[in-house]
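File shown here: target06.cif, holding mmCIF, C-alpha atoms and all ligand atoms.
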data_my_file
#
loop_
_atom_site.label_atom_id
_atom_site.label_comp_id
_atom_site.auth_asym_id
_atom_site.auth_seq_id
_atom_site.Cartn_x
_atom_site.Cartn_y
_atom_site.Cartn_z
CA MET A 230 34.87 -98.03 1.72
CA ILE A 231 38.40 -99.16 1.02
CA TYR A 232 41.25 -97.07 2.43
CA LYS A 233 44.75 -96.92 1.00
CA ASP A 234 48.07 -95.55 2.25
CA TYR A 235 48.80 -92.12 0.81
CA GLY A 236 52.46 -92.70 -0.01
CA ARG A 237 54.65 -92.41 3.06
CA THR A 238 52.52 -89.78 4.80
CA GLY A 239 51.09 -92.29 7.26
CA LYS A 240 47.57 -91.27 6.20
CA LYS A 241 44.92 -93.75 5.12
CA VAL A 242 42.68 -92.19 2.52
CA SER A 243 39.46 -93.38 0.88
CA ALA A 244 39.76 -95.06 -2.53
CA ILE A 245 37.46 -92.41 -3.95
CA GLY A 246 37.82 -88.77 -3.09
CA PHE A 247 35.37 -85.90 -3.18
CA GLY A 248 36.13 -83.44 -5.98
CA GLY A 249 34.69 -80.07 -4.98
CA MET A 250 34.33 -78.55 -8.43
CA ARG A 251 30.79 -79.62 -9.28
CA PHE A 252 28.49 -77.85 -6.83
CA PRO A 253 25.44 -76.62 -8.74
CA LYS A 254 25.33 -72.88 -9.27
CA ASP A 255 21.96 -72.54 -7.54
CA TYR A 256 23.05 -74.38 -4.37
CA SER A 257 23.48 -72.32 -1.23
CA ILE A 258 26.62 -72.78 0.87
CA GLU A 259 24.62 -74.91 3.31
CA GLU A 260 23.11 -77.08 0.54
CA GLY A 261 26.61 -77.74 -0.79
CA ALA A 262 27.85 -78.50 2.73
CA LYS A 263 25.14 -81.18 3.11
CA VAL A 264 26.54 -82.96 0.05
CA VAL A 265 30.04 -82.89 1.54
CA ARG A 266 28.79 -84.24 4.88
CA ARG A 267 26.91 -87.07 3.14
CA ALA A 268 30.17 -88.12 1.50
CA SER A 269 31.82 -88.14 4.91
CA GLU A 270 28.98 -90.25 6.31
CA LEU A 271 29.55 -92.79 3.55
CA GLY A 272 33.25 -93.13 4.33
CA ILE A 273 34.95 -90.65 1.98
CA ASN A 274 37.72 -88.90 3.91
CA TYR A 275 39.67 -87.11 1.15
CA PHE A 276 38.14 -83.77 0.18
CA ASP A 277 39.72 -81.86 -2.67
CA THR A 278 38.98 -78.28 -3.60
CA ALA A 279 40.73 -75.13 -4.82
CA PRO A 280 40.26 -71.39 -4.87
CA PHE A 281 38.04 -70.33 -7.82
CA TYR A 282 36.21 -73.65 -8.12
CA CYS A 283 32.45 -73.09 -8.53
CA ASP A 284 32.72 -69.32 -8.84
CA ASP A 285 35.10 -69.33 -5.89
CA ARG A 286 32.49 -70.84 -3.55
CA SER A 287 33.91 -74.35 -3.20
CA GLU A 288 36.35 -73.60 -0.37
CA ASP A 289 33.58 -71.78 1.53
CA ILE A 290 31.22 -74.74 1.05
CA MET A 291 33.88 -77.11 2.35
CA GLY A 292 34.52 -74.81 5.32
CA GLU A 293 30.83 -74.81 6.17
CA ALA A 294 30.73 -78.62 5.99
CA PHE A 295 33.86 -78.96 8.13
CA LYS A 296 32.09 -77.27 11.05
CA ALA A 297 30.08 -80.46 11.57
CA MET A 298 31.67 -83.36 9.68
CA PRO A 299 30.41 -86.75 10.83
CA ASN A 300 33.84 -88.38 10.48
CA PRO A 301 37.53 -87.43 10.49
CA PHE A 302 38.67 -86.01 7.15
CA TYR A 303 41.63 -84.68 5.17
CA VAL A 304 41.47 -81.51 3.15
CA SER A 305 43.35 -80.90 -0.07
CA THR A 306 43.59 -77.55 -1.82
CA LYS A 307 45.90 -75.76 -4.24
CA SER A 308 47.77 -72.62 -5.07
CA GLY A 309 49.18 -71.77 -8.45
CA MET A 310 51.92 -69.54 -9.75
CA GLY A 311 49.39 -66.74 -10.26
CA SER A 312 50.54 -63.31 -11.36
CA ASP A 313 52.79 -62.98 -8.29
CA PRO A 314 54.73 -66.25 -8.16
CA ASP A 315 56.79 -65.67 -5.03
CA GLU A 316 57.00 -67.16 -1.57
CA ASP A 317 54.91 -64.48 0.11
CA ALA A 318 52.04 -64.76 -2.35
CA VAL A 319 51.78 -68.50 -1.69
CA ARG A 320 51.76 -67.80 2.02
CA ARG A 321 48.86 -65.33 1.61
CA ARG A 322 46.90 -67.88 -0.42
CA ILE A 323 47.44 -70.58 2.19
CA GLU A 324 46.28 -68.27 4.97
CA LYS A 325 43.15 -67.39 3.00
CA SER A 326 42.30 -71.06 2.43
CA LEU A 327 42.86 -71.88 6.11
CA LYS A 328 40.49 -69.12 7.11
CA ARG A 329 37.83 -70.34 4.74
CA PHE A 330 38.14 -73.94 5.95
CA GLY A 331 38.23 -72.97 9.62
CA VAL A 332 40.96 -75.57 10.22
CA GLU A 333 44.42 -75.25 11.73
CA LYS A 334 46.24 -76.94 8.88
CA ILE A 335 45.78 -78.05 5.31
CA ASN A 336 46.63 -81.74 5.00
CA PHE A 337 47.56 -81.80 1.30
CA HIS A 338 48.64 -78.60 -0.38
CA HIS A 339 49.10 -78.72 -4.15
CA MET A 340 51.44 -76.73 -6.29
CA TRP A 341 48.70 -76.26 -8.83
CA CYS A 342 48.47 -77.12 -12.51
CA VAL A 343 52.10 -77.71 -13.48
CA MET A 344 51.93 -77.96 -17.28
CA ASN A 345 55.40 -79.21 -18.17
CA LEU A 346 59.01 -79.42 -17.00
CA ASP A 347 59.72 -75.72 -17.67
CA HIS A 348 56.79 -74.75 -15.53
CA TYR A 349 57.90 -77.17 -12.82
CA ARG A 350 61.39 -75.62 -12.77
CA LYS A 351 59.81 -72.20 -12.15
CA VAL A 352 57.71 -73.58 -9.30
CA ILE A 353 60.72 -75.05 -7.51
CA ALA A 354 63.16 -72.20 -8.27
CA LYS A 355 64.65 -70.58 -5.14
CA GLY A 356 62.29 -67.92 -3.82
CA GLY A 357 59.41 -69.34 -5.88
CA PRO A 358 56.06 -70.83 -4.83
CA TYR A 359 57.47 -74.14 -3.59
CA TRP A 360 59.63 -72.36 -1.03
CA GLY A 361 56.65 -70.41 0.30
CA ALA A 362 54.81 -73.69 0.77
CA LEU A 363 57.85 -75.21 2.47
CA LYS A 364 57.97 -72.37 4.98
CA ALA A 365 54.25 -72.79 5.65
CA LYS A 366 54.90 -76.49 6.21
CA GLU A 367 57.67 -75.76 8.69
CA GLU A 368 55.25 -73.52 10.57
CA GLY A 369 52.64 -76.27 10.66
CA LEU A 370 50.13 -74.56 8.35
CA ILE A 371 50.27 -77.38 5.84
CA GLU A 372 51.21 -81.01 6.27
CA HIS A 373 52.20 -82.34 2.86
CA ILE A 374 53.34 -80.55 -0.29
CA VAL A 375 52.06 -82.26 -3.40
CA VAL A 376 51.65 -81.31 -7.05
CA SER A 377 48.85 -81.33 -9.58
CA THR A 378 49.97 -81.60 -13.16
CA HIS A 379 48.99 -81.95 -16.81
CA ALA A 380 52.49 -82.85 -17.90
CA THR A 381 53.19 -85.99 -19.96
CA GLY A 382 53.84 -89.35 -18.29
CA LYS A 383 57.56 -89.03 -18.98
CA GLU A 384 57.78 -85.53 -17.52
CA ILE A 385 55.82 -86.61 -14.47
CA ALA A 386 58.26 -89.46 -13.96
CA THR A 387 61.12 -86.92 -13.93
CA ILE A 388 59.27 -84.64 -11.48
CA MET A 389 58.54 -87.53 -9.15
CA LYS A 390 62.13 -88.72 -9.14
CA GLU A 391 63.47 -85.31 -8.09
CA GLY A 392 61.71 -85.76 -4.76
CA TYR A 393 60.19 -82.33 -4.02
CA PHE A 394 56.68 -83.70 -3.57
CA GLU A 395 54.96 -86.32 -1.43
CA GLY A 396 52.27 -87.03 -3.97
CA VAL A 397 50.77 -86.11 -7.33
CA THR A 398 47.31 -85.39 -8.70
CA LEU A 399 46.85 -85.97 -12.42
CA GLY A 400 44.19 -86.67 -15.04
CA TYR A 401 43.79 -90.37 -15.71
CA ASN A 402 40.98 -92.29 -17.29
CA ILE A 403 40.10 -95.12 -19.57
CA ILE A 404 40.91 -93.01 -22.64
CA ASN A 405 44.21 -91.38 -21.76
CA PHE A 406 45.67 -93.99 -19.44
CA PRO A 407 48.36 -95.38 -21.76
CA TYR A 408 49.97 -91.90 -21.78
CA ARG A 409 49.83 -91.34 -18.06
CA GLN A 410 50.80 -94.82 -16.95
CA GLU A 411 54.51 -94.04 -16.83
CA GLY A 412 54.02 -91.11 -14.45
CA ILE A 413 51.65 -93.03 -12.21
CA GLN A 414 53.98 -95.97 -12.05
CA ALA A 415 57.00 -93.76 -11.30
CA ALA A 416 55.16 -92.03 -8.45
CA HIS A 417 53.99 -95.33 -7.03
CA GLU A 418 57.45 -96.85 -7.21
CA ALA A 419 58.88 -93.77 -5.49
CA GLY A 420 56.45 -94.43 -2.62
CA LEU A 421 54.33 -91.34 -3.32
CA GLY A 422 50.58 -90.85 -3.18
CA VAL A 423 48.76 -90.79 -6.52
CA VAL A 424 45.43 -89.02 -6.90
CA THR A 425 43.62 -89.13 -10.23
CA MET A 426 41.14 -86.62 -11.57
CA ASN A 427 38.90 -86.53 -14.63
CA PRO A 428 37.79 -90.21 -14.48
CA LEU A 429 35.01 -89.51 -17.00
CA SER A 430 37.27 -87.91 -19.59
CA GLY A 431 35.62 -84.52 -19.46
CA GLY A 432 32.15 -85.94 -20.10
CA LEU A 433 33.15 -88.07 -23.12
CA ILE A 434 32.27 -91.28 -21.26
CA PRO A 435 28.81 -90.27 -19.92
CA GLN A 436 27.98 -88.83 -23.35
CA ASN A 437 28.83 -92.13 -25.04
CA GLN A 438 27.60 -94.78 -22.67
CA ASN A 439 26.79 -97.36 -25.33
CA TYR A 440 30.27 -97.17 -26.69
CA PHE A 441 31.89 -97.66 -23.29
CA SER A 442 29.44 -100.24 -21.97
CA PHE A 443 32.10 -102.98 -22.30
CA LEU A 444 33.68 -101.53 -19.15
CA LYS A 445 30.78 -102.73 -17.03
CA GLU A 446 31.43 -105.78 -14.92
CA HIS A 447 27.96 -106.16 -13.40
CA GLU A 448 24.50 -105.84 -14.89
CA ASN A 449 23.41 -103.10 -12.49
CA GLU A 450 26.60 -101.09 -12.68
CA SER A 451 26.52 -97.85 -14.67
CA VAL A 452 29.22 -96.99 -17.20
CA MET A 453 30.25 -94.03 -15.04
CA GLN A 454 30.64 -96.31 -12.03
CA ALA A 455 32.71 -98.69 -14.12
CA ALA A 456 34.97 -95.86 -15.30
CA LEU A 457 35.46 -94.66 -11.73
CA ARG A 458 36.15 -98.21 -10.56
CA PHE A 459 38.79 -98.53 -13.28
CA ASN A 460 40.75 -95.74 -11.54
CA ALA A 461 39.98 -96.71 -7.95
CA ALA A 462 40.94 -100.34 -8.51
CA HIS A 463 44.39 -99.54 -9.86
CA GLU A 464 46.98 -100.59 -7.33
CA ALA A 465 49.23 -97.61 -8.09
CA ILE A 466 46.36 -95.12 -7.60
CA THR A 467 45.67 -93.99 -4.06
CA VAL A 468 42.56 -91.85 -4.54
CA ALA A 469 40.25 -91.63 -7.56
CA LEU A 470 38.73 -88.18 -7.36
CA ALA A 471 35.24 -87.69 -8.71
CA GLY A 472 33.49 -84.34 -8.95
CA MET A 473 30.30 -84.54 -6.91
CA GLY A 474 27.61 -81.90 -6.70
CA THR A 475 24.57 -83.69 -5.34
CA ILE A 476 23.78 -86.30 -2.69
CA GLU A 477 22.64 -88.67 -5.48
CA GLU A 478 26.04 -88.39 -7.17
CA VAL A 479 27.80 -89.10 -3.89
CA GLU A 480 25.75 -92.24 -3.30
CA HIS A 481 26.17 -93.38 -6.92
CA ASN A 482 29.96 -92.95 -6.77
CA VAL A 483 30.36 -94.67 -3.41
CA LYS A 484 28.49 -97.68 -4.82
CA ALA A 485 31.09 -97.91 -7.59
CA VAL A 486 33.76 -98.99 -5.14
CA GLU A 487 31.71 -101.46 -3.11
CA ASN A 488 33.57 -104.78 -3.12
CA LEU A 489 36.46 -103.20 -4.98
CA GLU A 490 38.98 -105.67 -6.29
CA ILE A 491 42.43 -104.30 -7.12
CA LEU A 492 43.10 -104.58 -10.87
CA SER A 493 45.84 -106.94 -11.84
CA GLU A 494 48.38 -106.06 -14.54
CA GLY A 495 46.66 -108.71 -16.67
CA LYS A 496 43.27 -107.01 -16.36
CA ILE A 497 44.75 -103.64 -17.30
CA LYS A 498 46.28 -105.24 -20.40
CA GLU A 499 42.94 -106.83 -21.22
CA VAL A 500 41.14 -103.46 -21.04
CA LYS A 501 43.88 -101.90 -23.14
CA ALA A 502 43.46 -104.60 -25.75
CA LYS A 503 39.68 -103.99 -25.86
CA LEU A 504 40.38 -100.32 -26.39
CA GLN A 505 42.23 -100.97 -29.61
CA GLY A 506 40.35 -100.64 -32.90
CA ASP A 507 38.07 -97.59 -32.82
CA MET A 508 39.79 -96.39 -29.72
CA ASN A 509 42.97 -96.00 -31.71
CA GLN A 510 41.16 -93.40 -33.75
CA LEU A 511 40.26 -91.27 -30.76
CA CYS A 512 42.11 -88.18 -29.65
CA THR A 513 43.02 -88.63 -26.02
CA THR A 514 43.44 -84.87 -25.46
CA CYS A 515 46.95 -85.63 -24.26
CA GLN A 516 48.13 -82.22 -25.58
CA TYR A 517 51.37 -83.56 -27.09
CA CYS A 518 50.57 -81.86 -30.38
CA LYS A 519 50.25 -78.34 -28.98
CA LYS A 520 53.05 -76.85 -31.01
CA CYS A 521 51.05 -75.49 -33.91
CA PRO A 522 52.75 -72.53 -35.64
CA LYS A 523 49.28 -71.16 -36.42
CA ASP A 524 48.20 -71.61 -32.81
CA ILE A 525 45.23 -73.80 -33.69
CA ASP A 526 43.83 -75.47 -30.57
CA ILE A 527 44.30 -78.94 -32.05
CA PRO A 528 43.22 -81.06 -29.02
CA LYS A 529 39.94 -79.16 -28.84
CA PHE A 530 39.16 -79.75 -32.51
CA MET A 531 40.31 -83.36 -32.41
CA ASN A 532 38.15 -83.93 -29.36
CA LEU A 533 35.25 -82.56 -31.40
CA TYR A 534 36.14 -84.96 -34.21
CA ASN A 535 36.00 -87.81 -31.64
CA MET A 536 32.23 -87.47 -31.90
CA LYS A 537 32.42 -88.58 -35.52
CA VAL A 538 34.08 -91.82 -34.46
CA LEU A 539 31.68 -92.32 -31.58
CA LYS A 540 28.37 -91.02 -32.89
CA GLY A 541 28.71 -90.06 -36.53
CA ILE A 542 28.23 -86.67 -38.15
CA ASP A 543 25.10 -85.81 -36.13
CA GLY A 544 27.13 -86.22 -32.93
CA VAL A 545 29.72 -83.74 -34.23
CA LYS A 546 27.02 -81.26 -35.23
CA GLU A 547 25.39 -81.47 -31.82
CA SER A 548 28.69 -81.03 -29.96
CA TYR A 549 29.72 -78.13 -32.16
CA ALA A 550 26.39 -76.39 -31.53
CA ASN A 551 26.77 -76.86 -27.76
CA MET A 552 30.37 -75.65 -27.80
CA THR A 553 29.39 -72.57 -29.78
CA LYS A 554 26.55 -71.87 -27.35
CA ASN A 555 29.01 -72.15 -24.45
CA ASN A 556 31.50 -69.75 -26.11
CA ALA A 557 34.11 -72.51 -26.42
CA PHE A 558 35.66 -70.79 -29.44
CA LYS A 559 35.55 -67.27 -28.03
CA ASN A 560 39.32 -67.04 -27.50
CA ASP A 561 40.38 -68.87 -30.66
CA LYS A 562 42.21 -66.53 -33.00
CA THR A 563 42.65 -69.32 -35.53
CA MET A 564 40.35 -72.10 -36.70
CA PRO A 565 40.84 -75.31 -38.74
CA ILE A 566 40.69 -73.31 -41.96
CA ASP A 567 43.98 -71.62 -40.94
CA CYS A 568 45.93 -74.88 -41.02
CA ILE A 569 48.88 -74.66 -43.43
CA ALA A 570 49.41 -78.44 -43.44
CA CYS A 571 52.96 -78.19 -42.11
CA GLY A 572 52.58 -81.65 -40.53
CA LYS A 573 54.23 -80.71 -37.24
CA CYS A 574 51.26 -81.87 -35.17
CA GLU A 575 50.93 -85.21 -36.95
CA ALA A 576 54.58 -85.98 -36.21
CA LEU A 577 53.89 -85.38 -32.54
CA CYS A 578 50.53 -87.09 -32.23
CA THR A 579 50.62 -90.00 -29.82
CA GLN A 580 47.62 -91.57 -31.58
CA HIS A 581 49.08 -91.05 -35.07
CA LEU A 582 45.90 -89.28 -36.13
CA ASP A 583 45.51 -87.72 -39.56
CA ILE A 584 44.99 -84.32 -37.97
CA ILE A 585 45.25 -82.30 -41.18
CA LYS A 586 42.47 -84.32 -42.87
CA ARG A 587 40.34 -84.11 -39.74
CA LEU A 588 40.68 -80.34 -39.52
CA GLU A 589 39.76 -80.09 -43.18
CA TRP A 590 36.73 -82.32 -42.63
CA LEU A 591 35.57 -80.24 -39.65
CA ASP A 592 35.96 -77.05 -41.64
CA LYS A 593 34.06 -78.32 -44.69
CA ASN A 594 31.34 -80.33 -43.01
CA ILE A 595 30.71 -78.63 -39.68
CA ILE A 596 32.23 -75.22 -39.08
CA ASN A 597 31.70 -73.49 -42.36
CA VAL A 598 28.27 -74.97 -42.94
CA SER A 599 26.96 -74.26 -39.44
CA VAL A 600 27.62 -70.56 -39.37
S1 LIG B 701 49.51 -79.19 -39.76
FE1 LIG B 701 48.10 -77.50 -39.38
S2 LIG B 701 47.30 -77.88 -37.36
FE2 LIG B 701 49.12 -79.13 -37.58
S3 LIG B 701 50.76 -77.92 -36.72
FE3 LIG B 701 50.73 -77.48 -38.91
S4 LIG B 701 49.38 -75.71 -39.12
FE4 LIG B 701 49.04 -76.54 -37.08
S1 LIG B 702 45.61 -84.90 -31.59
FE1 LIG B 702 47.01 -86.52 -30.91
S2 LIG B 702 48.63 -85.52 -29.78
FE2 LIG B 702 46.97 -84.05 -30.04
S3 LIG B 702 45.78 -84.20 -28.20
FE3 LIG B 702 44.85 -85.59 -29.65
S4 LIG B 702 45.84 -87.55 -29.33
FE4 LIG B 702 47.08 -86.04 -28.27
#
Once more with this new file: its structure as structure tokens, please.
Amino acid sequence: MIYKDYGRTGKKVSAIGFGGMRFPKDYSIEEGAKVVRRASELGINYFDTAPFYCDDRSEDIMGEAFKAMPNPFYVSTKSGMGSDPDEDAVRRRIEKSLKRFGVEKINFHHMWCVMNLDHYRKVIAKGGPYWGALKAKEEGLIEHIVVSTHATGKEIATIMKEGYFEGVTLGYNIINFPYRQEGIQAAHEAGLGVVTMNPLSGGLIPQNQNYFSFLKEHENESVMQAALRFNAAHEAITVALAGMGTIEEVEHNVKAVENLEILSEGKIKEVKAKLQGDMNQLCTTCQYCKKCPKDIDIPKFMNLYNMKVLKGIDGVKESYANMTKNNAFKNDKTMPIDCIACGKCEALCTQHLDIIKRLEWLDKNIINVSV
């Protein structure tokens, strides 16, 4: 395992980290703990979890594992604004996590899921969540205050420069990396730790292995390993988190970073160049377009349309059926048919996609023929 410096914290962390959001539903706490301990045996020392992951069992599973970890480890967890975004609420959440982990301090505590600059300003406002975390830090309950965010690369760069945090966790993968690069680079240049999540683009990569097979560098490497290596090998990325639920997944992921060579700028450019063409037609789910006056969940529908580019109409039909089965549209008050073609989203789209035509196509060929 390769270890990297987490910013200026003085901590050396493993190039891949254990994401604790994938424990199978039917696993007992002890079965989950065995998976965590296997990761520790294989050299992973960064363990990330959060309240509510895996039906709120993930922190308990980690706590069970921590009773007998084979190697030293760092724990990372999170607390959000919640419905009571004040200092005391954050303090209560930290105490609860500590109890579940059975440890004296949390090494990396995230201000959770900062969506944009407005949200960030609320987190750091006097008397808000950040100040609760700071107090907990002063009392030795947490070591480092970091942030997890879905903001744009530019916004992340601003957040990093303001200096409230010692590191950042953000989604980054082969599909969305051009839009996150700026934030990653800014954090790295500011001497902060950078942890990436979602290396498999929410399942898009495993579901389309043929398409992404060009990422492979060795015959016996899987596409998923190659995608994880792409993150782990980036010199500005400290930890590439991967969700792991089974011992097999742990072993598979650890193999991905055997003999890891740090990616040069040239190699990143080369990958970017290969991703042109069809890739230019893919929605990256970057969320920039989420300003629809009709409140249509555009990234979700454009992500569905991705299947047309990758697999053709049958791929879209299959995905739509699965999404329907999983109640993915349950909270949607509007659908593609409600688009009024105002063009606002297309002006904002980072991929310059013809969103209006795509919504129309989905409505005519998939949604209104499937029901
Ligand atoms: S063009 Fe349609 S989908 Fe796009 S912002 Fe306007 S109403 Fe929403
Ligand atoms: S449609 Fe464009 S702006 Fe919207 S999420 Fe997809 S790529 Fe981003």
Around ligand LIG 701 (chain B), at most 10 Å away and counting all atoms listed in the file, which residues are there? Put them as a PyMOL selection string, please. chain A and resi 518-528+530+563-578+583-589
Separation of CA of Leu327 (chain A) and CA of Gly292 (chain A), in Å? 8.9 Å
Between CA of Gly248 (chain A) and CA of Glu547 (chain A), what is the spacing in Å? 28.1 Å
To one decimal place, how far is CA of Glu288 (chain A) from CA of Ala262 (chain A) in Å? 10.3 Å
So that I can see what lies close to Tyr549 (chain A), please list as a count of residues only the residues with an atom at most 8 Å from it, counting all atoms listed in the file and leaving out residues fewer than 6 positions away in the same chain. 3
Of A:Asn488, A:Ser243, A:Gln454, A:Asn594, the one sitting nearest Lys537 (chain A) when using all atoms listed in the file is A:Asn594
